[in-house]
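Coordinates from data-v3.csv are shown below (CSV, C-alpha atoms).
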```
chain,number,residue,atom,x,y,z
E,1,ASP,CA,-11.2,-3.4,-7.1
E,2,GLY,CA,-8.0,-4.3,-8.9
E,3,GLY,CA,-4.9,-2.1,-8.3
E,4,ILE,CA,-1.4,-1.7,-7.0
E,5,THR,CA,-0.8,-1.4,-3.3
E,6,GLN,CA,2.4,0.1,-2.0
E,7,SER,CA,3.5,0.2,1.6
E,8,PRO,CA,4.4,1.9,3.7
E,9,LYS,CA,3.2,5.4,2.6
E,10,TYR,CA,6.0,7.1,4.5
E,11,LEU,CA,9.3,5.5,5.5
E,12,PHE,CA,12.3,6.9,7.4
E,13,ARG,CA,15.7,5.4,7.0
E,14,LYS,CA,18.8,5.9,9.2
E,15,GLU,CA,22.2,6.2,7.7
E,16,GLY,CA,23.6,2.7,6.8
E,17,GLN,CA,20.3,1.0,7.0
E,18,ASN,CA,18.6,-1.2,4.3
E,19,VAL,CA,14.9,-0.7,3.9
E,20,THR,CA,12.4,-2.6,1.8
E,21,LEU,CA,9.4,-1.1,0.0
E,22,SER,CA,6.5,-3.3,-0.8
E,23,CYS,CA,4.5,-3.4,-4.0
E,24,GLU,CA,1.6,-5.8,-4.6
E,25,GLN,CA,-0.7,-5.9,-7.6
E,26,ASN,CA,-3.9,-7.9,-8.3
E,27,LEU,CA,-4.3,-6.8,-11.9
E,28,ASN,CA,-2.7,-9.9,-13.3
E,29,HIS,CA,-0.2,-7.7,-15.1
E,30,ASP,CA,3.0,-9.3,-16.3
E,31,ALA,CA,5.4,-6.4,-16.2
E,32,MET,CA,6.2,-4.4,-13.1
E,33,TYR,CA,8.5,-1.4,-12.6
E,34,TRP,CA,10.1,0.8,-9.9
E,35,TYR,CA,10.5,4.5,-10.5
E,36,ARG,CA,12.0,7.2,-8.5
E,37,GLN,CA,10.7,10.8,-8.6
E,38,ASP,CA,12.7,13.8,-7.4
E,39,PRO,CA,11.5,17.4,-7.3
E,40,GLY,CA,11.7,19.0,-10.7
E,41,GLN,CA,12.7,15.8,-12.5
E,42,GLY,CA,10.9,13.2,-14.5
E,43,LEU,CA,10.4,9.7,-13.2
E,44,ARG,CA,13.6,7.6,-13.5
E,45,LEU,CA,13.5,3.9,-13.9
E,46,ILE,CA,15.3,1.8,-11.2
E,47,TYR,CA,14.3,-1.8,-12.1
E,48,TYR,CA,11.7,-3.6,-14.2
E,49,SER,CA,10.5,-7.2,-14.5
E,50,GLN,CA,8.7,-8.8,-17.4
E,51,ILE,CA,8.1,-12.2,-15.8
E,52,VAL,CA,8.5,-14.0,-12.6
E,53,ASN,CA,12.1,-14.7,-11.5
E,54,ASP,CA,13.5,-12.2,-14.1
E,55,PHE,CA,14.3,-8.5,-13.8
E,56,GLN,CA,16.5,-5.9,-15.5
E,57,LYS,CA,18.3,-2.8,-14.3
E,58,GLY,CA,16.9,0.5,-15.3
E,59,ASP,CA,18.8,3.8,-15.6
E,60,ILE,CA,19.6,4.3,-11.9
E,61,ALA,CA,19.8,0.7,-10.4
E,62,GLU,CA,23.0,1.3,-8.3
E,63,GLY,CA,22.2,1.0,-4.6
E,64,TYR,CA,18.9,-0.8,-5.1
E,65,SER,CA,17.9,-4.5,-5.4
E,66,VAL,CA,14.6,-6.2,-6.3
E,67,SER,CA,13.1,-9.7,-6.4
E,68,ARG,CA,10.2,-11.2,-8.4
E,69,GLU,CA,9.3,-14.5,-6.8
E,70,LYS,CA,5.6,-14.1,-7.5
E,71,LYS,CA,3.7,-12.4,-10.3
E,72,GLU,CA,1.8,-10.2,-7.8
E,73,SER,CA,4.8,-8.9,-5.9
E,74,PHE,CA,7.9,-6.8,-6.7
E,75,PRO,CA,9.6,-5.5,-3.6
E,76,LEU,CA,12.4,-2.9,-3.8
E,77,THR,CA,15.2,-2.8,-1.3
E,78,VAL,CA,17.1,0.5,-0.9
E,79,THR,CA,20.5,-0.5,0.4
E,80,SER,CA,23.1,1.5,2.3
E,81,ALA,CA,25.0,1.8,-0.9
E,82,GLN,CA,22.4,4.3,-2.2
E,83,LYS,CA,23.9,7.6,-1.0
E,84,ASN,CA,20.9,9.8,-1.8
E,85,PRO,CA,17.8,7.8,-1.2
E,86,THR,CA,15.4,10.5,-0.2
E,87,ALA,CA,12.7,10.5,-2.9
E,88,PHE,CA,9.2,9.5,-3.9
E,89,TYR,CA,9.2,5.9,-5.0
E,90,LEU,CA,6.5,4.7,-7.4
E,91,CYS,CA,5.7,1.1,-8.4
E,92,ALA,CA,3.9,0.5,-11.7
E,93,SER,CA,2.6,-2.3,-13.8
E,94,THR,CA,1.5,-2.8,-17.4
E,95,ARG,CA,-0.3,-5.4,-19.4
E,96,GLN,CA,0.9,-6.4,-22.9
E,97,SER,CA,-0.9,-4.7,-25.7
E,98,VAL,CA,-2.6,-2.2,-23.4
E,99,PRO,CA,-1.1,1.2,-23.4
E,100,GLY,CA,-0.1,3.1,-20.2
E,101,TYR,CA,1.1,2.3,-16.7
E,102,THR,CA,-1.0,1.7,-13.6
E,103,PHE,CA,0.8,3.3,-10.6
E,104,GLY,CA,0.7,2.5,-6.9
E,105,SER,CA,0.1,5.5,-4.6
E,106,GLY,CA,3.9,5.7,-3.8
E,107,THR,CA,6.2,5.5,-0.8
E,108,ARG,CA,7.9,8.7,0.4
E,109,LEU,CA,11.4,7.7,1.8
E,110,THR,CA,13.3,10.1,3.9
E,111,VAL,CA,16.8,9.7,5.4
E,112,VAL,CA,17.1,10.9,9.0
K,1,ARG,CA,19.5,18.3,-24.1
K,2,LYS,CA,16.9,16.3,-22.2
K,3,GLU,CA,15.2,13.5,-24.0
K,4,VAL,CA,11.8,14.9,-23.2
K,5,GLU,CA,11.4,18.6,-22.4
K,6,GLN,CA,8.4,20.4,-20.9
K,7,ASP,CA,7.9,24.0,-19.8
K,8,PRO,CA,7.7,23.6,-16.0
K,9,GLY,CA,5.3,26.5,-15.6
K,10,PRO,CA,3.4,27.2,-13.6
K,11,PHE,CA,0.6,28.2,-15.8
K,12,ASN,CA,-2.0,30.3,-13.9
K,13,VAL,CA,-5.3,30.6,-15.7
K,14,PRO,CA,-8.8,31.6,-14.7
K,15,GLU,CA,-11.7,29.2,-14.8
K,16,GLY,CA,-13.1,28.8,-18.3
K,17,ALA,CA,-9.9,29.6,-20.0
K,18,THR,CA,-8.2,27.5,-22.7
K,19,VAL,CA,-4.6,26.5,-22.0
K,20,ALA,CA,-2.1,24.6,-24.1
K,21,PHE,CA,1.1,22.7,-23.2
K,22,ASN,CA,3.8,21.5,-25.5
K,23,CYS,CA,6.4,18.8,-25.0
K,24,THR,CA,9.4,18.1,-27.3
K,25,TYR,CA,11.2,14.8,-27.6
K,26,SER,CA,14.7,14.1,-29.0
K,27,ASN,CA,14.4,10.5,-30.2
K,28,SER,CA,12.9,10.4,-33.7
K,29,ALA,CA,12.3,6.6,-33.3
K,30,SER,CA,9.8,7.3,-30.5
K,31,GLN,CA,6.7,5.2,-31.1
K,32,SER,CA,4.0,6.0,-28.6
K,33,PHE,CA,3.1,9.1,-26.6
K,34,PHE,CA,1.0,9.9,-23.6
K,35,TRP,CA,-0.2,12.6,-21.2
K,36,TYR,CA,-0.4,11.8,-17.5
K,37,ARG,CA,-1.9,13.9,-14.8
K,38,GLN,CA,-0.3,14.0,-11.3
K,39,ASP,CA,-1.9,15.7,-8.4
K,40,CYS,CA,0.3,17.0,-5.6
K,41,ARG,CA,2.0,14.2,-3.7
K,42,LYS,CA,0.0,11.6,-5.6
K,43,GLU,CA,0.8,9.0,-8.2
K,44,PRO,CA,0.6,9.8,-12.0
K,45,LYS,CA,-2.6,8.7,-13.7
K,46,LEU,CA,-3.0,8.2,-17.5
K,47,LEU,CA,-4.9,11.1,-19.0
K,48,MET,CA,-4.8,10.1,-22.6
K,49,SER,CA,-2.7,8.5,-25.3
K,50,VAL,CA,-1.7,10.7,-28.2
K,51,TYR,CA,-2.3,9.4,-31.7
K,52,SER,CA,-0.8,10.6,-35.0
K,53,SER,CA,-4.1,12.0,-36.3
K,54,GLY,CA,-4.8,13.8,-33.0
K,55,ASN,CA,-7.4,12.8,-30.6
K,56,GLU,CA,-10.0,14.4,-28.3
K,57,ASP,CA,-11.5,13.3,-25.0
K,58,GLY,CA,-14.1,15.8,-23.8
K,59,ARG,CA,-12.4,19.1,-23.0
K,60,PHE,CA,-8.9,17.6,-23.7
K,61,THR,CA,-7.3,17.5,-27.2
K,62,ALA,CA,-3.9,15.9,-27.9
K,63,GLN,CA,-1.8,16.4,-31.0
K,64,LEU,CA,1.4,14.8,-32.3
K,65,ASN,CA,3.8,16.5,-34.7
K,66,ARG,CA,6.4,13.9,-35.8
K,67,ALA,CA,8.2,16.2,-38.1
K,68,SER,CA,8.9,18.7,-35.4
K,69,GLN,CA,9.0,16.1,-32.7
K,70,TYR,CA,6.5,17.6,-30.3
K,71,ILE,CA,3.2,16.7,-28.7
K,72,SER,CA,0.7,19.1,-27.3
K,73,LEU,CA,-2.2,19.1,-24.9
K,74,LEU,CA,-5.1,21.6,-25.1
K,75,ILE,CA,-7.5,22.0,-22.2
K,76,ARG,CA,-10.7,23.9,-23.0
K,77,ASP,CA,-13.1,25.5,-20.4
K,78,SER,CA,-10.6,24.9,-17.6
K,79,LYS,CA,-12.1,23.8,-14.2
K,80,LEU,CA,-10.6,24.2,-10.8
K,81,SER,CA,-10.2,20.5,-10.7
K,82,ASP,CA,-7.8,20.6,-13.6
K,83,SER,CA,-5.2,22.0,-11.4
K,84,ALA,CA,-2.4,19.5,-11.4
K,85,THR,CA,1.0,18.7,-13.0
K,86,TYR,CA,0.8,17.3,-16.5
K,87,LEU,CA,3.5,14.8,-17.5
K,88,CYS,CA,4.5,14.1,-21.1
K,89,VAL,CA,5.6,10.5,-21.6
K,90,VAL,CA,7.3,9.1,-24.7
K,91,ASN,CA,8.1,5.5,-25.4
K,92,ALA,CA,10.8,4.6,-27.9
K,93,GLY,CA,9.9,0.9,-28.0
K,94,GLY,CA,10.1,-1.9,-25.5
K,95,PHE,CA,10.9,-0.6,-22.0
K,96,LYS,CA,12.5,2.6,-23.1
K,97,THR,CA,10.0,5.1,-21.7
K,98,ILE,CA,10.9,8.6,-20.8
K,99,PHE,CA,8.9,10.8,-18.5
K,100,GLY,CA,9.0,14.6,-18.7
K,101,ALA,CA,9.4,16.6,-15.5
K,102,GLY,CA,5.9,18.0,-15.9
K,103,THR,CA,4.1,21.3,-16.4
K,104,ARG,CA,2.2,22.7,-13.4
K,105,LEU,CA,-1.2,24.2,-14.0
K,106,PHE,CA,-3.2,26.3,-11.5
K,107,VAL,CA,-6.8,27.2,-12.4
K,108,LYS,CA,-8.1,30.1,-10.4
K,109,ALA,CA,-11.7,30.9,-9.5
```
Step by step, read the file and then write its structure as structure tokens.
Amino acid sequence: DGGITQSPKYLFRKEGQNVTLSCEQNLNHDAMYWYRQDPGQGLRLIYYSQIVNDFQKGDIAEGYSVSREKKESFPLTVTSAQKNPTAFYLCASTRQSVPGYTFGSGTRLTVV
Amino acid sequence: RKEVEQDPGPFNVPEGATVAFNCTYSNSASQSFFWYRQDCRKEPKLLMSVYSSGNEDGRFTAQLNRASQYISLLIRDSKLSDSATYLCVVNAGGFKTIFGAGTRLFVKA
């Protein structure tokens, strides 16, 4: 079955540590996205990518970095510069002319 | 003012009830509209798109009012399995997509 796989499901980060969240899709979708969800708030866009080797900052990109070396993969690195990283991170993809996002099952990141 | 606003609820309704949620948006240039469902600690899933003429999918009916800048979701004959958070999503073109914070629904036996 086609879909988006995010790993790990739970991740714990120590202060000052960089961590990378994995996102892989086999839907042949061109566009991929990273969102952050905090309690009581809507999803906020961190980064998005329309094609391989190209990506754009979203509304809250500070403290995060991404790469898009392959169409199927869009990993997100949460750097030590992100001061409040505890959140639920969702990766999504879309196909041109087809409405709606397909989301991965998410990664719950906690700072310890 | 938030770009997309929803009543956070929770709405507590008995099985079989009809319940309606509204969502207002601030950008009059918004082009496409959706309702997503999100179960506790899970990812959002597309419930339905919202079209100008209104649309229905089984027990679910979505309406769009461009003049007043709101969309609505009506759920008839509520089931226990309808318990979830319902997210209003508005796209203003390109990658400008705004998610509402969601309305929580609890359906009781």
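When all atoms listed in the file are used to compute distances to chain E, the closest of the residues K:Ala29, K:Val89, K:Val19, K:Ala101 turns out to be K:Ala101.
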**OP:** Pick out the chain K residues within 12 Å of chain E. Count only C-alpha atoms. Give them as a VMD selection string.
**Re:** chain K and resid 2 to 9 31 to 51 85 to 91 93 to 104
Export C-alpha atoms of the chosen residues as a PDB file, keeping the file's coordinate frame?
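Saved file out17.pdb follows:
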```pdb
ATOM      1  CA  LYS K   2      16.900  16.300 -22.200  1.00  0.00           C
ATOM      2  CA  GLU K   3      15.200  13.500 -24.000  1.00  0.00           C
ATOM      3  CA  VAL K   4      11.800  14.900 -23.200  1.00  0.00           C
ATOM      4  CA  GLU K   5      11.400  18.600 -22.400  1.00  0.00           C
ATOM      5  CA  GLN K   6       8.400  20.400 -20.900  1.00  0.00           C
ATOM      6  CA  ASP K   7       7.900  24.000 -19.800  1.00  0.00           C
ATOM      7  CA  PRO K   8       7.700  23.600 -16.000  1.00  0.00           C
ATOM      8  CA  GLY K   9       5.300  26.500 -15.600  1.00  0.00           C
ATOM      9  CA  GLN K  31       6.700   5.200 -31.100  1.00  0.00           C
ATOM     10  CA  SER K  32       4.000   6.000 -28.600  1.00  0.00           C
ATOM     11  CA  PHE K  33       3.100   9.100 -26.600  1.00  0.00           C
ATOM     12  CA  PHE K  34       1.000   9.900 -23.600  1.00  0.00           C
ATOM     13  CA  TRP K  35      -0.200  12.600 -21.200  1.00  0.00           C
ATOM     14  CA  TYR K  36      -0.400  11.800 -17.500  1.00  0.00           C
ATOM     15  CA  ARG K  37      -1.900  13.900 -14.800  1.00  0.00           C
ATOM     16  CA  GLN K  38      -0.300  14.000 -11.300  1.00  0.00           C
ATOM     17  CA  ASP K  39      -1.900  15.700  -8.400  1.00  0.00           C
ATOM     18  CA  CYS K  40       0.300  17.000  -5.600  1.00  0.00           C
ATOM     19  CA  ARG K  41       2.000  14.200  -3.700  1.00  0.00           C
ATOM     20  CA  LYS K  42       0.000  11.600  -5.600  1.00  0.00           C
ATOM     21  CA  GLU K  43       0.800   9.000  -8.200  1.00  0.00           C
ATOM     22  CA  PRO K  44       0.600   9.800 -12.000  1.00  0.00           C
ATOM     23  CA  LYS K  45      -2.600   8.700 -13.700  1.00  0.00           C
ATOM     24  CA  LEU K  46      -3.000   8.200 -17.500  1.00  0.00           C
ATOM     25  CA  LEU K  47      -4.900  11.100 -19.000  1.00  0.00           C
ATOM     26  CA  MET K  48      -4.800  10.100 -22.600  1.00  0.00           C
ATOM     27  CA  SER K  49      -2.700   8.500 -25.300  1.00  0.00           C
ATOM     28  CA  VAL K  50      -1.700  10.700 -28.200  1.00  0.00           C
ATOM     29  CA  TYR K  51      -2.300   9.400 -31.700  1.00  0.00           C
ATOM     30  CA  THR K  85       1.000  18.700 -13.000  1.00  0.00           C
ATOM     31  CA  TYR K  86       0.800  17.300 -16.500  1.00  0.00           C
ATOM     32  CA  LEU K  87       3.500  14.800 -17.500  1.00  0.00           C
ATOM     33  CA  CYS K  88       4.500  14.100 -21.100  1.00  0.00           C
ATOM     34  CA  VAL K  89       5.600  10.500 -21.600  1.00  0.00           C
ATOM     35  CA  VAL K  90       7.300   9.100 -24.700  1.00  0.00           C
ATOM     36  CA  ASN K  91       8.100   5.500 -25.400  1.00  0.00           C
ATOM     37  CA  GLY K  93       9.900   0.900 -28.000  1.00  0.00           C
ATOM     38  CA  GLY K  94      10.100  -1.900 -25.500  1.00  0.00           C
ATOM     39  CA  PHE K  95      10.900  -0.600 -22.000  1.00  0.00           C
ATOM     40  CA  LYS K  96      12.500   2.600 -23.100  1.00  0.00           C
ATOM     41  CA  THR K  97      10.000   5.100 -21.700  1.00  0.00           C
ATOM     42  CA  ILE K  98      10.900   8.600 -20.800  1.00  0.00           C
ATOM     43  CA  PHE K  99       8.900  10.800 -18.500  1.00  0.00           C
ATOM     44  CA  GLY K 100       9.000  14.600 -18.700  1.00  0.00           C
ATOM     45  CA  ALA K 101       9.400  16.600 -15.500  1.00  0.00           C
ATOM     46  CA  GLY K 102       5.900  18.000 -15.900  1.00  0.00           C
ATOM     47  CA  THR K 103       4.100  21.300 -16.400  1.00  0.00           C
ATOM     48  CA  ARG K 104       2.200  22.700 -13.400  1.00  0.00           C
TER      49      ARG K 104
END
```
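Minimum atom-to-atom distances from E:Asn53, E:Ser7, E:Thr86, E:Thr77 to Ser22 (chain E) were compared using only C-alpha atoms, and the lowest value belongs to E:Ser7.
Rounded to one decimal, CA of Val107 (chain K) and CA of Pro14 (chain K) lie 5.4 Å from each other.
One distance worth recording is that between CA of Tyr35 (chain E) and CA of Gln69 (chain K), which is 25.1 Å.
Put simply, CA of Gly16 (chain E) is 28.5 Å away from CA of Lys70 (chain E).
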Subject >> Pick from E:His29, E:Arg36, E:Lys71, E:Lys57, whichever lies nearest to Leu109 (chain E) using all atoms listed in the file >> reply: E:Arg36
Subject >> Distance query Ser52 (chain K) at most 9 Å, all atoms listed in the file, self and fewer than 6 positions along chain excluded, as a PyMOL selection string >> reply: chain K and resi 63-66
Can you fill out region 98-109 of chain K with all heavy atoms and hand it back as a tab-separated table (two decimals), in the frame of the given file?
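Contents of rebuild26.tsv, freshly written:
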```
chain	number	residue	atom	x	y	z
K	98	ILE	N	10.37	7.42	-21.41
K	98	ILE	CA	10.90	8.60	-20.80
K	98	ILE	C	9.78	9.50	-20.31
K	98	ILE	O	8.85	9.80	-21.10
K	98	ILE	CB	11.80	9.40	-21.76
K	98	ILE	CG1	12.89	8.51	-22.36
K	98	ILE	CG2	12.44	10.60	-21.06
K	98	ILE	CD1	13.85	7.94	-21.36
K	99	PHE	N	9.86	9.94	-19.06
K	99	PHE	CA	8.90	10.80	-18.50
K	99	PHE	C	9.44	12.26	-18.48
K	99	PHE	O	10.57	12.48	-18.03
K	99	PHE	CB	8.56	10.44	-17.04
K	99	PHE	CG	7.71	9.22	-16.92
K	99	PHE	CD1	8.24	7.96	-17.10
K	99	PHE	CD2	6.36	9.33	-16.60
K	99	PHE	CE1	7.45	6.83	-16.99
K	99	PHE	CE2	5.57	8.20	-16.47
K	99	PHE	CZ	6.11	6.95	-16.66
K	100	GLY	N	8.65	13.21	-18.92
K	100	GLY	CA	9.00	14.60	-18.70
K	100	GLY	C	8.87	15.00	-17.28
K	100	GLY	O	8.22	14.30	-16.50
K	101	ALA	N	9.47	16.13	-16.91
K	101	ALA	CA	9.40	16.60	-15.50
K	101	ALA	C	8.07	17.22	-15.17
K	101	ALA	O	7.78	17.44	-14.00
K	101	ALA	CB	10.54	17.59	-15.27
K	102	GLY	N	7.26	17.52	-16.18
K	102	GLY	CA	5.90	18.00	-15.90
K	102	GLY	C	5.73	19.49	-16.05
K	102	GLY	O	6.68	20.26	-15.92
K	103	THR	N	4.49	19.87	-16.35
K	103	THR	CA	4.10	21.30	-16.40
K	103	THR	C	2.99	21.47	-15.37
K	103	THR	O	1.99	20.76	-15.35
K	103	THR	CB	3.50	21.62	-17.80
K	103	THR	OG1	4.51	21.46	-18.79
K	103	THR	CG2	2.97	23.04	-17.83
K	104	ARG	N	3.19	22.47	-14.50
K	104	ARG	CA	2.20	22.70	-13.40
K	104	ARG	C	1.15	23.68	-13.92
K	104	ARG	O	1.44	24.71	-14.53
K	104	ARG	CB	2.91	23.28	-12.20
K	104	ARG	CG	3.87	22.29	-11.56
K	104	ARG	CD	4.46	22.83	-10.29
K	104	ARG	NE	3.47	22.86	-9.22
K	104	ARG	CZ	3.68	23.41	-8.04
K	104	ARG	NH1	4.82	24.01	-7.78
K	104	ARG	NH2	2.76	23.38	-7.12
K	105	LEU	N	-0.10	23.34	-13.63
K	105	LEU	CA	-1.20	24.20	-14.00
K	105	LEU	C	-2.02	24.52	-12.74
K	105	LEU	O	-2.36	23.63	-11.94
K	105	LEU	CB	-2.16	23.44	-14.97
K	105	LEU	CG	-3.50	24.11	-15.27
K	105	LEU	CD1	-3.29	25.44	-16.00
K	105	LEU	CD2	-4.41	23.19	-16.07
K	106	PHE	N	-2.31	25.83	-12.57
K	106	PHE	CA	-3.20	26.30	-11.50
K	106	PHE	C	-4.38	26.99	-12.17
K	106	PHE	O	-4.18	27.94	-12.93
K	106	PHE	CB	-2.48	27.27	-10.58
K	106	PHE	CG	-1.40	26.64	-9.75
K	106	PHE	CD1	-0.06	26.83	-10.08
K	106	PHE	CD2	-1.71	25.86	-8.65
K	106	PHE	CE1	0.95	26.26	-9.32
K	106	PHE	CE2	-0.70	25.27	-7.89
K	106	PHE	CZ	0.63	25.47	-8.23
K	107	VAL	N	-5.56	26.52	-11.88
K	107	VAL	CA	-6.80	27.20	-12.40
K	107	VAL	C	-7.41	27.91	-11.22
K	107	VAL	O	-7.67	27.34	-10.16
K	107	VAL	CB	-7.75	26.12	-12.95
K	107	VAL	CG1	-8.99	26.83	-13.49
K	107	VAL	CG2	-7.09	25.30	-14.05
K	108	LYS	N	-7.64	29.21	-11.43
K	108	LYS	CA	-8.10	30.10	-10.40
K	108	LYS	C	-9.61	30.41	-10.56
K	108	LYS	O	-10.06	30.56	-11.70
K	108	LYS	CB	-7.33	31.38	-10.33
K	108	LYS	CG	-5.83	31.19	-10.25
K	108	LYS	CD	-5.11	32.49	-10.54
K	108	LYS	CE	-5.35	32.98	-11.96
K	108	LYS	NZ	-4.59	34.21	-12.28
K	109	ALA	N	-10.31	30.56	-9.46
K	109	ALA	CA	-11.70	30.90	-9.50
K	109	ALA	C	-11.90	32.38	-9.93
K	109	ALA	O	-11.02	33.20	-9.68
K	109	ALA	CB	-12.38	30.69	-8.16
```
